[in-house]
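Novice: Got a structure for you, questions after.
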Amino acid sequence: MKTVLKNGNVFYHGKIQKLDVLITDEKITGIGENLDGDQVIDCSHLLVTPGFVDLHVHLREPGFEHKGTIKTETLSAKYGGYSHIVAMANTKPCMDDQEAIEDFAERIKKDSAVHTYTYSAITEELKGEKLTDFKTNSSYAVVKGFSDDGKGVQNREMMEKAMIEAKKYHSIIVAHCEDENELQPGACVNLSEFSQKNGLVGINNASEYNHAVRDLKLTEKIGNRYHICHISTKETVAALREYKAKGLKVSGEACPHHLILTDENIKNLNPNYKMNPPLRSKEDLDALIEGIKDGTVTCISTDHAPHSEEEKQMPIDKAPFGIIGNQHAFSLIYTYLVKKGILDLETVLACMTVNPSQVIGFDHDLEVGKMANIAIIDLDEEYTITKENIRSKAVNTPFLDTKCYGMVKYHVLDGKIEKL
(Lines give C-alpha, C1' and ligand atoms only; values in the text may rest on other atoms or scores of the structure.)
Protein backbone atom coordinates (compact mmCIF):
# COMPACT_ATOMS: atom_id res chain seq x y z
CA MET A 1 0.00 0.00 0.00
CA LYS A 2 1.37 3.36 -1.08
CA THR A 3 0.00 6.53 0.54
CA VAL A 4 0.90 10.07 -0.49
CA LEU A 5 0.73 12.95 1.97
CA LYS A 6 0.04 15.55 -0.73
CA ASN A 7 1.24 19.17 -0.78
CA GLY A 8 2.03 19.32 2.92
CA ASN A 9 4.02 21.99 4.70
CA VAL A 10 6.75 19.47 5.46
CA PHE A 11 9.46 19.96 8.08
CA TYR A 12 12.34 18.56 6.05
CA HIS A 13 16.06 19.22 6.49
CA GLY A 14 15.33 21.92 9.05
CA LYS A 15 12.92 23.92 6.89
CA ILE A 16 9.19 24.02 6.20
CA GLN A 17 8.85 23.05 2.51
CA LYS A 18 5.87 22.40 0.22
CA LEU A 19 6.35 18.70 -0.60
CA ASP A 20 4.71 15.31 -0.99
CA VAL A 21 5.66 12.44 1.29
CA LEU A 22 5.24 8.88 0.01
CA ILE A 23 4.70 6.10 2.55
CA THR A 24 4.99 2.49 1.42
CA ASP A 25 4.00 -0.02 4.09
CA GLU A 26 6.07 0.98 7.16
CA LYS A 27 8.60 3.32 5.59
CA ILE A 28 9.03 6.69 3.93
CA THR A 29 9.90 5.89 0.31
CA GLY A 30 9.71 9.29 -1.34
CA ILE A 31 9.90 13.00 -0.54
CA GLY A 32 9.46 15.42 -3.40
CA GLU A 33 6.92 16.86 -5.83
CA ASN A 34 4.18 15.21 -7.88
CA LEU A 35 4.43 11.83 -6.14
CA ASP A 36 1.74 9.22 -6.80
CA GLY A 37 0.25 6.46 -4.66
CA ASP A 38 -2.75 4.22 -4.10
CA GLN A 39 -4.17 6.59 -1.49
CA VAL A 40 -3.87 10.37 -1.23
CA ILE A 41 -4.26 12.49 1.89
CA ASP A 42 -4.60 16.19 1.12
CA CYS A 43 -2.16 18.00 3.44
CA SER A 44 -2.16 21.31 1.56
CA HIS A 45 -3.11 23.30 4.65
CA LEU A 46 -1.40 21.03 7.20
CA LEU A 47 2.00 20.77 8.87
CA VAL A 48 3.75 17.44 8.27
CA THR A 49 6.51 16.79 10.78
CA PRO A 50 8.45 13.88 12.21
CA GLY A 51 6.54 12.55 15.22
CA PHE A 52 7.48 14.33 18.43
CA VAL A 53 9.98 12.79 20.84
CA ASP A 54 9.56 13.23 24.59
CA LEU A 55 12.62 12.36 26.67
CA HIS A 56 10.81 12.88 29.97
CA VAL A 57 7.47 11.31 30.93
CA HIS A 58 6.01 9.59 33.96
CA LEU A 59 3.60 6.81 32.99
CA ARG A 60 2.99 5.78 36.65
CA GLU A 61 2.61 2.10 35.75
CA PRO A 62 3.53 -0.13 37.48
CA GLY A 63 2.61 0.83 41.01
CA PHE A 64 0.66 4.08 40.70
CA GLU A 65 -2.15 3.16 38.32
CA HIS A 66 -4.58 5.41 40.22
CA LYS A 67 -2.63 8.32 38.69
CA GLY A 68 -2.13 6.98 35.15
CA THR A 69 -1.41 3.86 33.13
CA ILE A 70 0.70 2.98 30.13
CA LYS A 71 -2.50 2.79 28.10
CA THR A 72 -3.90 6.19 29.12
CA GLU A 73 -0.67 8.19 29.16
CA THR A 74 0.65 6.90 25.84
CA LEU A 75 -2.77 7.67 24.31
CA SER A 76 -2.32 11.21 25.61
CA ALA A 77 1.10 11.30 23.93
CA LYS A 78 -0.38 10.01 20.67
CA TYR A 79 -2.99 12.77 20.59
CA GLY A 80 -0.19 15.23 21.20
CA GLY A 81 1.65 14.08 18.07
CA TYR A 82 4.34 12.02 19.80
CA SER A 83 5.80 8.90 18.22
CA HIS A 84 8.57 8.19 20.77
CA ILE A 85 8.64 8.69 24.54
CA VAL A 86 10.98 7.68 27.35
CA ALA A 87 9.53 6.96 30.80
CA MET A 88 11.21 7.72 34.09
CA ALA A 89 12.24 4.97 36.49
CA ASN A 90 10.33 6.08 39.61
CA THR A 91 7.69 3.37 39.38
CA LYS A 92 6.90 0.67 41.94
CA PRO A 93 8.83 -1.53 41.66
CA CYS A 94 11.50 0.91 40.54
CA MET A 95 13.08 0.32 37.11
CA ASP A 96 16.35 -0.74 38.69
CA ASP A 97 16.74 -4.44 37.83
CA GLN A 98 16.24 -7.07 35.16
CA GLU A 99 12.86 -8.26 36.43
CA ALA A 100 11.29 -4.80 36.52
CA ILE A 101 12.65 -3.87 33.08
CA GLU A 102 11.45 -7.11 31.47
CA ASP A 103 8.01 -6.65 33.04
CA PHE A 104 7.81 -3.08 31.70
CA ALA A 105 8.80 -4.27 28.22
CA GLU A 106 5.91 -6.76 28.25
CA ARG A 107 3.46 -4.12 29.47
CA ILE A 108 4.30 -1.67 26.68
CA LYS A 109 3.99 -4.40 24.04
CA LYS A 110 0.45 -4.92 25.25
CA ASP A 111 -0.77 -1.38 25.93
CA SER A 112 1.42 1.35 24.43
CA ALA A 113 -0.02 3.61 21.72
CA VAL A 114 3.42 4.98 20.71
CA HIS A 115 7.03 3.79 20.75
CA THR A 116 7.76 3.66 24.47
CA TYR A 117 11.06 3.19 26.29
CA THR A 118 12.33 3.63 29.82
CA TYR A 119 15.36 4.78 31.74
CA SER A 120 16.97 2.50 34.25
CA ALA A 121 17.43 4.03 37.67
CA ILE A 122 20.97 5.22 38.41
CA THR A 123 20.81 3.92 41.99
CA GLU A 124 18.80 1.11 43.53
CA GLU A 125 15.31 2.33 44.52
CA LEU A 126 16.53 5.89 43.78
CA LYS A 127 18.11 5.95 47.21
CA GLY A 128 21.46 7.24 46.02
CA GLU A 129 23.35 4.56 47.93
CA LYS A 130 24.22 1.79 45.46
CA LEU A 131 24.53 1.85 41.68
CA THR A 132 22.27 -0.37 39.61
CA ASP A 133 23.79 -2.97 37.29
CA PHE A 134 24.65 -0.69 34.36
CA LYS A 135 25.94 -3.53 32.20
CA THR A 136 22.81 -5.67 32.47
CA ASN A 137 20.27 -2.86 32.43
CA SER A 138 21.80 -1.08 29.44
CA SER A 139 21.71 -4.33 27.43
CA TYR A 140 17.92 -4.08 27.07
CA ALA A 141 16.67 -2.35 23.93
CA VAL A 142 13.88 -0.73 25.93
CA VAL A 143 16.39 1.05 28.21
CA LYS A 144 17.63 4.33 26.74
CA GLY A 145 19.74 5.69 29.59
CA PHE A 146 19.99 6.13 33.34
CA SER A 147 18.06 8.56 35.53
CA ASP A 148 17.02 8.92 39.16
CA ASP A 149 14.48 11.57 38.14
CA GLY A 150 12.31 12.56 41.05
CA LYS A 151 15.44 12.79 43.15
CA GLY A 152 18.87 14.20 42.53
CA VAL A 153 21.94 12.03 43.10
CA GLN A 154 23.19 13.83 46.21
CA ASN A 155 26.64 12.26 46.50
CA ARG A 156 29.27 13.57 44.10
CA GLU A 157 31.30 10.34 44.20
CA MET A 158 28.18 8.31 43.39
CA MET A 159 27.44 10.49 40.37
CA GLU A 160 31.05 10.20 39.21
CA LYS A 161 30.87 6.39 39.41
CA ALA A 162 27.57 6.46 37.51
CA MET A 163 29.06 8.57 34.73
CA ILE A 164 32.02 6.21 34.41
CA GLU A 165 29.65 3.23 34.14
CA ALA A 166 27.40 4.99 31.63
CA LYS A 167 30.38 5.82 29.44
CA LYS A 168 31.66 2.24 29.65
CA TYR A 169 28.36 0.92 28.26
CA HIS A 170 27.81 3.76 25.72
CA SER A 171 24.80 5.11 27.59
CA ILE A 172 23.69 8.49 28.92
CA ILE A 173 23.05 10.04 32.35
CA VAL A 174 19.77 11.99 32.37
CA ALA A 175 19.97 14.09 35.51
CA HIS A 176 17.38 15.56 37.83
CA CYS A 177 19.50 18.33 39.36
CA GLU A 178 18.33 19.06 42.89
CA ASP A 179 20.62 19.78 45.81
CA GLU A 180 18.63 18.79 48.89
CA ASN A 181 20.96 20.81 51.12
CA GLU A 182 19.30 23.90 49.65
CA LEU A 183 15.73 22.74 50.40
CA GLN A 184 13.63 23.55 53.43
CA PRO A 185 10.69 21.41 54.66
CA GLY A 186 7.46 22.32 52.91
CA ALA A 187 9.14 24.11 50.00
CA CYS A 188 6.61 24.23 47.17
CA VAL A 189 7.08 27.26 44.89
CA ASN A 190 9.89 29.48 43.66
CA LEU A 191 11.67 31.54 46.31
CA SER A 192 10.52 35.03 45.38
CA GLU A 193 8.26 37.89 46.29
CA PHE A 194 5.34 35.56 45.43
CA SER A 195 6.36 32.93 48.00
CA GLN A 196 6.97 35.56 50.67
CA LYS A 197 3.69 37.37 50.01
CA ASN A 198 1.74 34.12 50.29
CA GLY A 199 3.59 32.74 53.32
CA LEU A 200 4.97 29.76 51.39
CA VAL A 201 8.38 28.12 51.69
CA GLY A 202 10.39 28.88 48.57
CA ILE A 203 12.76 26.80 46.40
CA ASN A 204 15.88 28.73 45.44
CA ASN A 205 17.75 28.60 42.13
CA ALA A 206 20.85 27.10 43.75
CA SER A 207 18.93 23.90 44.49
CA GLU A 208 19.06 23.26 40.73
CA TYR A 209 22.25 24.85 39.45
CA ASN A 210 24.53 23.53 42.23
CA HIS A 211 24.16 20.00 40.90
CA ALA A 212 24.11 21.05 37.25
CA VAL A 213 27.48 22.75 37.65
CA ARG A 214 28.84 19.84 39.70
CA ASP A 215 27.80 17.35 37.02
CA LEU A 216 29.08 19.41 34.11
CA LYS A 217 32.50 19.58 35.77
CA LEU A 218 32.42 15.80 36.23
CA THR A 219 31.43 15.29 32.61
CA GLU A 220 34.39 17.41 31.49
CA LYS A 221 36.63 15.09 33.49
CA ILE A 222 35.04 11.80 32.40
CA GLY A 223 33.87 12.51 28.84
CA ASN A 224 30.47 10.84 29.17
CA ARG A 225 27.11 11.75 27.62
CA TYR A 226 25.03 13.87 29.98
CA HIS A 227 21.58 15.46 29.72
CA ILE A 228 19.97 17.90 32.17
CA CYS A 229 16.26 17.41 32.89
CA HIS A 230 13.70 20.24 33.10
CA ILE A 231 16.04 23.24 33.24
CA SER A 232 14.36 26.15 35.01
CA THR A 233 17.07 28.63 36.06
CA LYS A 234 19.19 31.19 34.26
CA GLU A 235 22.28 29.88 36.05
CA THR A 236 21.79 26.36 34.69
CA VAL A 237 21.38 27.71 31.16
CA ALA A 238 24.59 29.73 31.53
CA ALA A 239 26.51 26.72 32.84
CA LEU A 240 25.28 24.46 30.05
CA ARG A 241 26.24 27.10 27.49
CA GLU A 242 29.75 27.33 28.98
CA TYR A 243 30.37 23.58 28.96
CA LYS A 244 28.80 22.98 25.53
CA ALA A 245 31.25 25.54 24.17
CA LYS A 246 34.05 23.20 25.31
CA GLY A 247 32.75 20.53 22.94
CA LEU A 248 31.40 18.19 25.63
CA LYS A 249 28.64 15.67 24.92
CA VAL A 250 26.14 17.55 27.09
CA SER A 251 22.57 18.65 26.43
CA GLY A 252 19.51 19.94 28.22
CA GLU A 253 15.76 20.21 27.98
CA ALA A 254 13.12 22.79 28.86
CA CYS A 255 9.44 22.12 29.55
CA PRO A 256 6.55 24.09 28.02
CA HIS A 257 5.38 25.34 31.43
CA HIS A 258 8.78 26.84 32.22
CA LEU A 259 8.82 28.52 28.79
CA ILE A 260 5.32 30.01 29.09
CA LEU A 261 4.58 30.65 32.79
CA THR A 262 6.29 32.28 35.77
CA ASP A 263 5.40 32.14 39.45
CA GLU A 264 3.48 35.39 38.93
CA ASN A 265 0.98 33.42 36.80
CA ILE A 266 -0.08 31.20 39.71
CA LYS A 267 -3.77 31.77 40.36
CA ASN A 268 -5.44 31.34 43.74
CA LEU A 269 -2.61 29.10 44.99
CA ASN A 270 -3.94 26.43 42.64
CA PRO A 271 -1.89 23.20 43.14
CA ASN A 272 -2.05 22.57 39.39
CA TYR A 273 0.67 25.21 39.15
CA LYS A 274 2.92 23.18 41.43
CA MET A 275 5.75 21.29 39.75
CA ASN A 276 9.39 20.47 40.45
CA PRO A 277 11.36 22.50 39.56
CA PRO A 278 8.85 25.26 40.20
CA LEU A 279 7.71 28.05 37.93
CA ARG A 280 10.50 30.59 38.20
CA SER A 281 10.97 34.31 37.52
CA LYS A 282 10.56 36.20 34.23
CA GLU A 283 14.36 36.53 34.17
CA ASP A 284 14.74 32.74 34.31
CA LEU A 285 12.09 32.24 31.63
CA ASP A 286 13.82 34.75 29.35
CA ALA A 287 17.14 32.93 29.85
CA LEU A 288 15.50 29.65 28.83
CA ILE A 289 14.06 31.23 25.69
CA GLU A 290 17.46 32.67 24.83
CA GLY A 291 19.01 29.24 25.47
CA ILE A 292 16.69 27.67 22.94
CA LYS A 293 17.34 30.42 20.41
CA ASP A 294 21.13 30.11 20.59
CA GLY A 295 21.19 26.31 20.66
CA THR A 296 22.20 25.88 24.30
CA VAL A 297 18.94 24.12 25.19
CA THR A 298 18.14 21.79 22.30
CA CYS A 299 15.17 19.76 23.56
CA ILE A 300 11.63 20.51 24.65
CA SER A 301 10.33 17.73 26.91
CA THR A 302 7.14 17.65 28.97
CA ASP A 303 7.86 16.03 32.36
CA HIS A 304 4.32 14.67 31.94
CA ALA A 305 3.33 13.72 35.52
CA PRO A 306 -0.25 12.61 36.14
CA HIS A 307 -1.79 12.71 39.63
CA SER A 308 -5.30 11.94 40.83
CA GLU A 309 -7.73 14.82 41.34
CA GLU A 310 -7.93 13.98 45.03
CA GLU A 311 -4.16 14.39 45.39
CA LYS A 312 -4.10 17.68 43.51
CA GLN A 313 -7.01 19.13 45.48
CA MET A 314 -4.87 19.35 48.60
CA PRO A 315 -3.39 22.76 49.57
CA ILE A 316 -0.45 23.83 47.41
CA ASP A 317 2.11 23.13 50.13
CA LYS A 318 0.76 19.58 50.63
CA ALA A 319 -0.17 18.53 47.07
CA PRO A 320 2.32 16.47 45.03
CA PHE A 321 4.59 18.11 42.47
CA GLY A 322 3.85 17.64 38.79
CA ILE A 323 1.47 18.35 35.89
CA ILE A 324 0.37 16.52 32.76
CA GLY A 325 1.66 17.91 29.49
CA ASN A 326 2.19 15.67 26.48
CA GLN A 327 -1.21 16.04 24.78
CA HIS A 328 -0.98 19.82 24.56
CA ALA A 329 2.76 20.58 24.57
CA PHE A 330 3.07 21.50 20.91
CA SER A 331 -0.19 23.47 20.82
CA LEU A 332 0.81 25.55 23.83
CA ILE A 333 4.31 26.25 22.53
CA TYR A 334 2.91 27.12 19.11
CA THR A 335 0.19 29.39 20.51
CA TYR A 336 2.19 31.25 23.16
CA LEU A 337 5.67 31.33 21.65
CA VAL A 338 5.55 30.77 17.87
CA LYS A 339 2.42 32.76 17.03
CA LYS A 340 3.70 35.60 19.22
CA GLY A 341 7.02 35.65 17.37
CA ILE A 342 9.09 34.63 20.40
CA LEU A 343 10.40 31.40 18.82
CA ASP A 344 10.29 30.31 15.18
CA LEU A 345 8.42 27.17 14.20
CA GLU A 346 11.47 25.40 12.76
CA THR A 347 13.39 25.79 16.03
CA VAL A 348 10.47 24.40 18.03
CA LEU A 349 10.05 21.44 15.69
CA ALA A 350 13.77 20.64 15.86
CA CYS A 351 13.61 20.76 19.67
CA MET A 352 10.67 18.35 19.67
CA THR A 353 11.84 15.89 16.98
CA VAL A 354 15.35 15.51 15.59
CA ASN A 355 17.26 17.07 18.50
CA PRO A 356 15.93 14.74 21.23
CA SER A 357 16.31 11.82 18.81
CA GLN A 358 19.99 12.63 18.48
CA VAL A 359 20.46 13.02 22.23
CA ILE A 360 18.97 9.64 23.04
CA GLY A 361 20.04 7.72 19.92
CA PHE A 362 16.75 7.19 18.07
CA ASP A 363 16.98 6.58 14.32
CA HIS A 364 14.06 8.93 13.72
CA ASP A 365 13.55 11.69 11.19
CA LEU A 366 11.44 12.48 8.16
CA GLU A 367 13.80 10.96 5.59
CA VAL A 368 13.56 8.44 2.77
CA GLY A 369 14.31 4.97 4.09
CA LYS A 370 13.31 5.69 7.68
CA MET A 371 10.23 4.36 9.44
CA ALA A 372 7.17 6.51 8.83
CA ASN A 373 6.57 8.07 12.26
CA ILE A 374 4.84 11.34 11.50
CA ALA A 375 2.44 13.90 12.98
CA ILE A 376 0.09 15.88 10.72
CA ILE A 377 -1.19 19.05 12.34
CA ASP A 378 -3.68 21.80 11.49
CA LEU A 379 -1.99 24.94 12.80
CA ASP A 380 -5.11 27.01 12.20
CA GLU A 381 -7.51 24.88 14.20
CA GLU A 382 -8.33 26.42 17.57
CA TYR A 383 -9.52 24.35 20.50
CA THR A 384 -9.92 24.67 24.27
CA ILE A 385 -8.24 22.32 26.73
CA THR A 386 -11.02 20.85 28.89
CA LYS A 387 -11.34 17.97 31.31
CA GLU A 388 -13.60 16.29 28.77
CA ASN A 389 -11.08 16.24 25.90
CA ILE A 390 -8.00 15.29 27.93
CA ARG A 391 -6.89 11.75 27.05
CA SER A 392 -4.70 11.27 30.13
CA LYS A 393 -6.23 9.58 33.14
CA ALA A 394 -5.38 12.76 35.04
CA VAL A 395 -6.42 16.40 34.55
CA ASN A 396 -3.76 18.15 36.64
CA THR A 397 -2.71 21.00 34.37
CA PRO A 398 -2.64 24.77 34.89
CA PHE A 399 -3.78 25.12 31.28
CA LEU A 400 -7.38 23.94 31.81
CA ASP A 401 -9.81 26.11 29.83
CA THR A 402 -6.94 27.57 27.82
CA LYS A 403 -7.52 28.22 24.12
CA CYS A 404 -4.74 27.16 21.78
CA TYR A 405 -3.97 26.43 18.14
CA GLY A 406 -2.50 23.36 16.50
CA MET A 407 -4.70 20.26 16.45
CA VAL A 408 -3.13 16.91 15.55
CA LYS A 409 -5.27 15.52 12.71
CA TYR A 410 -3.36 12.36 11.75
CA HIS A 411 -0.91 10.18 13.66
CA VAL A 412 1.39 7.91 11.67
CA LEU A 413 3.19 5.12 13.55
CA ASP A 414 5.43 2.81 11.51
CA GLY A 415 3.35 3.60 8.43
CA LYS A 416 -0.01 3.00 10.12
CA ILE A 417 -2.05 6.16 9.48
CA GLU A 418 -4.79 7.04 11.94
CA LYS A 419 -7.13 9.99 11.71
CA LEU A 420 -7.64 11.50 15.17
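Residues in the C-alpha coordinates are numbered from 1 in each chain, the chains being A, B, ... in the order shown, and ligands are numbered from 1 in the order shown.
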Using DSSP assignments from the backbone, pull out every residue in segment 125-374 of chain A that falls under strand (DSSP E or B) and give it to me as a PyMOL selection string.
Specialist: chain A and resi 131+143-146+172-175+189-190+202-203+225-228+250-254+299-300+304+371+374
Novice: Please identify all polymer residues within 10 Å of Asp20 of chain A, counting only C-alpha atoms, omitting same-chain residues fewer than 5 positions from it, and present them as a list of chain:residue names.
Specialist: A:Val4, A:Leu5, A:Lys6, A:Asn7, A:Gly8, A:Asn9, A:Val10, A:Gly30, A:Ile31, A:Gly32, A:Glu33, A:Asn34, A:Leu35, A:Asp36, A:Val40, A:Ile41, A:Asp42, A:Cys43, A:Ser44, A:Val48
Novice: Taking only C-alpha atoms into account, name the residue in A:Gly322, A:Gly51, A:Gly223, A:Gly369 that is nearest to Cys255 of chain A.
Specialist: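 The closest residue to Cys255 of chain A is A:Gly322.
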Novice: For segment 399-408 of chain A, find every residue with an atom within 6 Å (counting only C-alpha atoms), except residues of its own chain fewer than 4 positions away, and show them as a list in words.
Specialist: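 Selected residues are Ser331, Thr335, Ile376, Ile377, Asp378, Leu379, Glu381, Glu382, Tyr383, Thr384, Ile385 and Thr386 of chain A.
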Novice: Counting only C-alpha atoms, which residue out of A:Thr3, A:Ser308, A:Asn326, A:Asn373 sits closest to Val57 of chain A?
Specialist: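 Among the listed residues, the smallest separation from Val57 of chain A belongs to A:Asn326.
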Novice: Mind giving me the straight-line distance from atom CA of Ile23 of chain A to atom CA of Ile390 of chain A in Å, one decimal?
Specialist: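 Atom CA of Ile23 of chain A sits 29.8 Å away from atom CA of Ile390 of chain A.
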Novice: Using DSSP on the backbone coordinates, identify all residues within segment 75-253 of chain A classified as alpha helix (DSSP H); present the result as a PyMOL selection string.
Specialist: chain A and resi 75-79+98-111+134-138+156-168+193-197+206-222+234-244
Novice: Separation of atom CA of Ser251 of chain A and atom CA of Phe330 of chain A, in Å?
Specialist: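 According to the coordinates, atom CA of Ser251 of chain A and atom CA of Phe330 of chain A are separated by 20.5 Å.
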Novice: Out of A:Leu126, A:Leu259, A:Leu22, A:Leu285, which residue has the shortest atom-to-atom distance to Leu332 of chain A when counting only C-alpha atoms?
Specialist: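 Once distances to Leu332 of chain A are computed over only C-alpha atoms, the minimum belongs to A:Leu259.
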Novice: Which one of A:Pro256, A:Gly128, A:Pro93, A:Gly145 sits closest to Gln327 of chain A if you count only C-alpha atoms?
Specialist: A:Pro256
Novice: Using only C-alpha atoms, determine which residues lie at most 10 Å from Pro356 of chain A, disregarding the query and same-chain residues fewer than 3 positions distant; provide the list as a list in words.
Specialist: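 Surrounding residues, per the criterion: Phe52, Val53, Asp54, Leu55, His84, Ser251, Gly252, Glu253, Thr298, Cys299, Ile300, Ser301, Ala350, Cys351, Met352, Thr353, Val359, Ile360, Gly361, Phe362 and His364 of chain A.
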Novice: Can you work out which one of A:Met88, A:Val213, A:Val153, A:Ala372 has the shortest atom-to-atom distance to Val237 of chain A, counting only C-alpha atoms?
Specialist: A:Val213
Novice: Determine, counting only C-alpha atoms, which protein, DNA and RNA residues have an atom within 7 Å of an atom of Ser281 of chain A; residues of the same chain fewer than 2 positions away are not included. Present the result as a list in words.
Specialist: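 Skipping anything fewer than 2 positions along the chain leaves Thr262, Asp263, Glu283, Asp284 and Leu285 of chain A.
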